[in-house]
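Have a look at the structure below before the remarks.
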Amino acid sequence: MRQFFKFMLASMAGFILTMLIMFFFASIFIASLVSIASKSEVVIDQNSVLYLKFDEVIPERSPAGPFAFSSTNLFKTTNTPGLLETLDLIKAASEDDKISGIYLDLSDFPSGLATLEEIRNALIEFKQSGKFVYAYGEVYSQKAYYLATVADKIVVNPEGAIDLKGMTGQVMFLKGLLTKLDINAQIIRHGKYKSAIEPLISDKMSEANKEQTLTYIGSIWNHMASNISEARGLTGEALKTIADSLLIQTAEDAVNYKIADQSAYRDQFNDLVRTQLGLKEDAKIKFVTLAKYKDAKPKKQGKRSKNKIAVIYAVGDITSGEGSDEVIGSERISKAIRKARLDSSIKAIVFRINSPGGSALASDVIWREIVLAREKKPVIASMGDLAASGGYYIACAADTILANPTTLTGSIGVFGVIPDFQKFFNNKLGITFDHVKTNANSDYISVTRPMTSYEEKVLTNSIERIYSTFITHVSEGRSISVAEVDSIGQGRVWSGVDGLRINLVDQTGGIKEAIKIAASMAKLDDYRIVSLPEQKDPFTQLMDDLTGNPTDAKMQKELGPLYPYYKEMMSLSRMQGVQTRLPFMIDVK
């Protein structure tokens, strides 16, 4: 009898658990259907204002399907548009007679500098329609202020502030931590500027690393400062004095030095918007968020074109295997490139890259697919915030390479890291190792002892061979000599502006320009965009979240300012084999 009740209670518990799970998914499914249904009813009123508040990182791609689950709330759906869709929506708003202007609500801009540049350029183009752009902020970060300078009117809270001080590049060093743990990072590298390994072997930047970092952040700042000066009617010298002396201490300072047009509280700023719209006092302003505008009923279009341009997204560290939307897996990206190459309806490829690099082998696998694709149809590489080291490796075979002025690229160099944990295990944990082997080097390479001189020689030869292959690929792709590539290589990082000057890129521009070039090279007047590789559907992503694979956005929310360090440590844990990647971690701000 006891066994009977035991099995009965177990069955009841299983049944109840199953019903709860089914109820959980049914609730989500119903909520999603309601969300989709409500989106189809969105209507934009006349004299509306597009409300832009970039308080979350703008993803390269919009979510799969008509909705996606929030990374921070499993019962909530989100509709955040990706970069290309955001640019298209701003363009659509400029042509929409129901949209009278744009309200920029700014504090920070968490996305990268190249993404910022593309949004800023889209807003400049929006203004050509004759519609207004007003910006308001309580506290403007420097990136947020750079975006705000496109506005017809910049308003800051009377007790607020504007950050304007120039740029700095900060690197985190781990040598002290490794020393305390008795871990020896054994490094083999090619390239005096290959600073990716410096944080593991030093406690400060080398002179070569200081030189390259100051060069590229100086180039980026000069570009930004020039645009700020032009937008605000200031001389370059005046802006330099303002930044050097930290002259913008208060909102009043911002107005006096022509950094802002006016100080006002939000209600007063809204009155300015009402006046611009021709509304009476206290009349409701019809704000439309970007997500809501995305869901507005689209205008009827004609027959869909049979001609396609494939935009292939490669985002994150480069690794072997499948990867994900945040990690470039050589298998997944190779399949996408191959699919685009073999599909006769796809007439051109835009290869969108946002990556600090990673595995040299995985980079070469992807590079080969780009070479094969280029033989069949035009391939345009479009660089986002980063396309460095392995990120440049996979781009160099394209017909045309575009980078934003603020893109970080180059870093043509190779390194290998073999950690020696022997003292850590022995001294900290009391663990020792012993072994037998059938051949002289059966245990090549071990992390439980130091490398032998012969092993170091073998690894060095491998590094040199991969570096030679890397610069040869760049030489062939860019039609310049190997010696010239080596002279601008050595692991050195460049801005998009300098990349253009030294022939690493063909022109500056964003993803929209890359698509236009692809269409021109394919001789297409009529085409549509398809995105590859295929994304996970929302329910698959939800299951990943439930089974302990949190999205980057969720981890970012949980860890806050510590997230970049977590992300870099996770990148380290994924490293396999020889690496071609950007400096370990640099914070440009």
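Chain labels follow the order of the structure tokens: the first chain is A, the next B, and so on; residue numbering restarts at 1 in every chain, and ligands are counted from 1 in their shown order.
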
Practice problem: Using only C-alpha atoms, determine which residues lie at most 10 Å from Lys457 of chain A, disregarding the query and same-chain residues fewer than 6 positions distant; provide the list as a PyMOL selection string. | Solution: chain A and resi 188+451+463

Would you save the residues from that selection as a CSV table (one decimal), in the first residue's frame, using N, CA and C atoms?
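File produced: again05.csv:
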chain,number,residue,atom,x,y,z
A,188,ILE,N,53.1,33.9,-27.1
A,188,ILE,CA,53.8,33.9,-28.3
A,188,ILE,C,53.0,34.8,-29.3
A,451,MET,N,56.0,25.5,-20.7
A,451,MET,CA,56.4,25.0,-22.0
A,451,MET,C,57.9,24.7,-22.0
A,463,ILE,N,52.6,30.5,-35.2
A,463,ILE,CA,52.2,31.9,-35.2
A,463,ILE,C,52.7,32.6,-36.4

Exercise. Find the spatial neighbours of segment 43-57 of chain A, counting only C-alpha atoms, within a cut-off of 8 Å - ignore same-chain residues fewer than 5 positions away - and output them as a list in words.
Key: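 Counting only the stated atoms, we get Ala93, Asp97, Lys98, Ile99, Ser100, Gly101, Ile102, Tyr103, Leu104, Asp105, Leu106, Ser107, Asp108, Phe109, Pro110, Ser111, Leu277, Ile285, Lys286, Phe287, Val288, Thr289, Leu290, Tyr293, Ala296 and Lys297 of chain A.
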
Generate the output file for the selected residues, N, CA and C atoms, as an mmCIF file, in the first residue's frame.
data_model
loop_
_atom_site.group_PDB
_atom_site.id
_atom_site.type_symbol
_atom_site.label_atom_id
_atom_site.label_comp_id
_atom_site.auth_asym_id
_atom_site.auth_seq_id
_atom_site.Cartn_x
_atom_site.Cartn_y
_atom_site.Cartn_z
ATOM 1 N N ALA A 93 10.096 58.228 -41.591
ATOM 2 C CA ALA A 93 9.497 59.348 -40.865
ATOM 3 C C ALA A 93 9.729 60.673 -41.588
ATOM 4 N N ASP A 97 3.993 62.368 -43.956
ATOM 5 C CA ASP A 97 3.399 63.681 -43.684
ATOM 6 C C ASP A 97 2.706 63.744 -42.330
ATOM 7 N N LYS A 98 2.573 62.595 -41.642
ATOM 8 C CA LYS A 98 1.980 62.596 -40.307
ATOM 9 C C LYS A 98 3.019 62.870 -39.217
ATOM 10 N N ILE A 99 4.285 62.741 -39.560
ATOM 11 C CA ILE A 99 5.368 63.008 -38.611
ATOM 12 C C ILE A 99 5.901 64.412 -38.848
ATOM 13 N N SER A 100 5.807 65.263 -37.819
ATOM 14 C CA SER A 100 6.223 66.666 -37.955
ATOM 15 C C SER A 100 7.656 66.913 -37.513
ATOM 16 N N GLY A 101 8.203 66.029 -36.683
ATOM 17 C CA GLY A 101 9.567 66.235 -36.199
ATOM 18 C C GLY A 101 10.011 65.122 -35.288
ATOM 19 N N ILE A 102 11.196 65.290 -34.725
ATOM 20 C CA ILE A 102 11.785 64.291 -33.836
ATOM 21 C C ILE A 102 12.141 64.935 -32.509
ATOM 22 N N TYR A 103 11.811 64.227 -31.439
ATOM 23 C CA TYR A 103 12.122 64.614 -30.061
ATOM 24 C C TYR A 103 13.206 63.663 -29.577
ATOM 25 N N LEU A 104 14.430 64.155 -29.379
ATOM 26 C CA LEU A 104 15.528 63.352 -28.863
ATOM 27 C C LEU A 104 15.579 63.491 -27.349
ATOM 28 N N ASP A 105 15.309 62.441 -26.640
ATOM 29 C CA ASP A 105 15.375 62.432 -25.180
ATOM 30 C C ASP A 105 16.663 61.705 -24.807
ATOM 31 N N LEU A 106 17.690 62.463 -24.444
ATOM 32 C CA LEU A 106 19.033 61.905 -24.354
ATOM 33 C C LEU A 106 19.627 62.016 -22.960
ATOM 34 N N SER A 107 20.348 60.999 -22.589
ATOM 35 C CA SER A 107 21.198 61.038 -21.407
ATOM 36 C C SER A 107 22.496 60.312 -21.740
ATOM 37 N N ASP A 108 22.384 59.034 -22.060
ATOM 38 C CA ASP A 108 23.549 58.279 -22.497
ATOM 39 C C ASP A 108 23.225 57.627 -23.838
ATOM 40 N N PHE A 109 24.245 57.089 -24.494
ATOM 41 C CA PHE A 109 24.063 56.337 -25.725
ATOM 42 C C PHE A 109 24.927 55.093 -25.596
ATOM 43 N N PRO A 110 24.347 53.987 -25.092
ATOM 44 C CA PRO A 110 25.152 52.810 -24.744
ATOM 45 C C PRO A 110 25.731 52.043 -25.927
ATOM 46 N N SER A 111 25.268 52.311 -27.131
ATOM 47 C CA SER A 111 25.804 51.612 -28.299
ATOM 48 C C SER A 111 27.183 52.168 -28.661
ATOM 49 N N LEU A 277 4.928 72.888 -33.084
ATOM 50 C CA LEU A 277 3.842 72.131 -33.718
ATOM 51 C C LEU A 277 2.598 72.973 -33.963
ATOM 52 N N ILE A 285 0.869 66.427 -26.749
ATOM 53 C CA ILE A 285 1.777 66.153 -27.863
ATOM 54 C C ILE A 285 1.643 64.680 -28.236
ATOM 55 N N LYS A 286 1.450 64.408 -29.488
ATOM 56 C CA LYS A 286 1.251 63.031 -29.950
ATOM 57 C C LYS A 286 2.613 62.390 -30.241
ATOM 58 N N PHE A 287 3.189 61.806 -29.205
ATOM 59 C CA PHE A 287 4.489 61.143 -29.338
ATOM 60 C C PHE A 287 4.325 59.742 -29.908
ATOM 61 N N VAL A 288 5.277 59.347 -30.740
ATOM 62 C CA VAL A 288 5.311 58.001 -31.318
ATOM 63 C C VAL A 288 6.702 57.434 -31.084
ATOM 64 N N THR A 289 6.786 56.374 -30.293
ATOM 65 C CA THR A 289 8.082 55.735 -30.080
ATOM 66 C C THR A 289 8.521 55.000 -31.347
ATOM 67 N N LEU A 290 9.782 54.688 -31.404
ATOM 68 C CA LEU A 290 10.300 53.980 -32.578
ATOM 69 C C LEU A 290 9.655 52.602 -32.708
ATOM 70 N N TYR A 293 6.176 53.097 -33.991
ATOM 71 C CA TYR A 293 6.204 53.484 -35.398
ATOM 72 C C TYR A 293 6.516 52.278 -36.282
ATOM 73 N N ALA A 296 3.326 50.431 -36.894
ATOM 74 C CA ALA A 296 2.250 51.117 -37.612
ATOM 75 C C ALA A 296 1.962 50.377 -38.905
ATOM 76 N N LYS A 297 0.711 50.386 -39.301
ATOM 77 C CA LYS A 297 0.308 49.661 -40.503
ATOM 78 C C LYS A 297 1.093 50.180 -41.704
#

Quiz item: Which residues come within 12 Å of Tyr467 of chain A, counting only C-alpha atoms, excluding same-chain residues fewer than 6 positions away, as a ChimeraX atom specification?
Solution: /A:188-191,194,360-361,364,389-390,393,411-416,460-461,473-474,482,485-486,489-491,578-580

Self-check item: Atom-to-atom span, atom CA of Arg492 of chain A and atom CA of Leu408 of chain A, Å
Solution: 10.4 Å

Self-check item: Straight-line distance linking atom CA of Glu85 of chain A with atom CA of Met521 of chain A, stated in Å to one decimal
Solution: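 Spanning atom CA of Glu85 of chain A to atom CA of Met521 of chain A is a straight-line distance of 22.8 Å.
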
Practice problem: Would you list the contacts of Leu342 of chain A as a ChimeraX atom specification, taking every protein, DNA or RNA residue within 10 Å and counting only C-alpha atoms, but skipping same-chain residues closer than 3 positions in sequence? | Solution: /A:337-339,345-346,373,376-377

Dump of N, CA, C and O atoms for the selected residues, as a PDB file, in the first residue's frame:
ATOM      1  N   ILE A 337      26.864  32.290 -45.911  1.00  0.00           N
ATOM      2  CA  ILE A 337      27.547  32.814 -47.103  1.00  0.00           C
ATOM      3  C   ILE A 337      27.350  31.863 -48.278  1.00  0.00           C
ATOM      4  O   ILE A 337      27.092  32.286 -49.416  1.00  0.00           O
ATOM      5  N   ARG A 338      27.459  30.570 -48.001  1.00  0.00           N
ATOM      6  CA  ARG A 338      27.288  29.557 -49.043  1.00  0.00           C
ATOM      7  C   ARG A 338      25.868  29.609 -49.612  1.00  0.00           C
ATOM      8  O   ARG A 338      25.656  29.522 -50.819  1.00  0.00           O
ATOM      9  N   LYS A 339      24.896  29.752 -48.735  1.00  0.00           N
ATOM     10  CA  LYS A 339      23.497  29.841 -49.164  1.00  0.00           C
ATOM     11  C   LYS A 339      23.295  31.041 -50.071  1.00  0.00           C
ATOM     12  O   LYS A 339      22.629  30.953 -51.116  1.00  0.00           O
ATOM     13  N   SER A 345      18.681  33.961 -56.878  1.00  0.00           N
ATOM     14  CA  SER A 345      17.874  35.173 -56.704  1.00  0.00           C
ATOM     15  C   SER A 345      18.611  36.239 -55.895  1.00  0.00           C
ATOM     16  O   SER A 345      18.237  37.412 -55.917  1.00  0.00           O
ATOM     17  N   ILE A 346      19.664  35.828 -55.190  1.00  0.00           N
ATOM     18  CA  ILE A 346      20.498  36.782 -54.452  1.00  0.00           C
ATOM     19  C   ILE A 346      21.590  37.283 -55.388  1.00  0.00           C
ATOM     20  O   ILE A 346      22.443  36.524 -55.835  1.00  0.00           O
ATOM     21  N   ALA A 373      32.370  33.312 -52.723  1.00  0.00           N
ATOM     22  CA  ALA A 373      31.188  34.125 -53.030  1.00  0.00           C
ATOM     23  C   ALA A 373      31.537  35.267 -53.970  1.00  0.00           C
ATOM     24  O   ALA A 373      30.771  35.608 -54.877  1.00  0.00           O
ATOM     25  N   LYS A 376      31.299  34.751 -57.642  1.00  0.00           N
ATOM     26  CA  LYS A 376      29.961  34.597 -58.228  1.00  0.00           C
ATOM     27  C   LYS A 376      29.163  35.891 -58.265  1.00  0.00           C
ATOM     28  O   LYS A 376      28.347  36.110 -59.164  1.00  0.00           O
ATOM     29  N   LYS A 377      29.363  36.765 -57.272  1.00  0.00           N
ATOM     30  CA  LYS A 377      28.549  37.979 -57.170  1.00  0.00           C
ATOM     31  C   LYS A 377      29.274  39.012 -56.317  1.00  0.00           C
ATOM     32  O   LYS A 377      30.205  38.669 -55.580  1.00  0.00           O
TER      33      LYS A 377
END

Quiz prompt | Between atom CA of Ala291 of chain A and atom CA of Asn121 of chain A, distance in Å (one decimal) | solution =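 One can read the atom CA of Ala291 of chain A to atom CA of Asn121 of chain A distance as 20.1 Å.
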
Quiz item: Smallest atom-to-atom distance to Ile228 of chain A: which of A:Ser334, A:Ser344, A:Ser475, A:Thr149, using only C-alpha atoms?
Solution: A:Thr149

Exercise. Tell me, as a VMD selection string, which residues lie within 7 Å of segment 441-448 of chain A, counting only C-alpha atoms; anything in the same chain fewer than 4 positions away does not count.
Key: chain A and resid 418 to 422 437

Quiz item: If you run DSSP on the backbone, which residues of segment 238-400 of chain A are alpha helix (DSSP H), as number ranges by chain?
Solution: A: 238-244, 251-256, 266-277, 290-295, 330-342, 360-374, 390-393

Quiz item: Which residues, written as a ChimeraX atom specification, have at least one atom at most 8 Å from segment 138-148 of chain A, with only C-alpha atoms counted and residues fewer than 6 positions away on the same chain left out?
Solution: /A:104,106-109,113,116-117,119-120,154,156-157,159-165,224,228,589

Quiz item: Counting only C-alpha atoms, what is within 12 Å of Asn503 of chain A, bar same-chain residues fewer than 3 positions away, as a ChimeraX atom specification?
Solution: /A:396,400-403,409-410,474-475,477-481,484-485,488-489,494-500,506-508

Exercise. Choose the residue, out of A:Asp399, A:Lys258, A:Tyr527, A:Arg449, that has the smallest atom-to-atom separation from Glu230 of chain A; count only C-alpha atoms.
Key: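 Nearest candidate to Glu230 of chain A out of A:Asp399, A:Lys258, A:Tyr527, A:Arg449: A:Lys258.
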
Practice problem: Would you mind writing down, as a VMD selection string, each residue of segment 262-373 of chain A that DSSP on the backbone assigns to strand (DSSP E or B)? | Solution: chain A and resid 262 to 263 287 to 289 308 to 315 318 to 319 323 328 to 329 346 to 355 357 to 359

Quiz prompt | Which residue of A:Thr472, A:Ser62, A:Ser330, A:Gln170 approaches Met205 of chain A most closely, using only C-alpha atoms | solution = A:Gln170
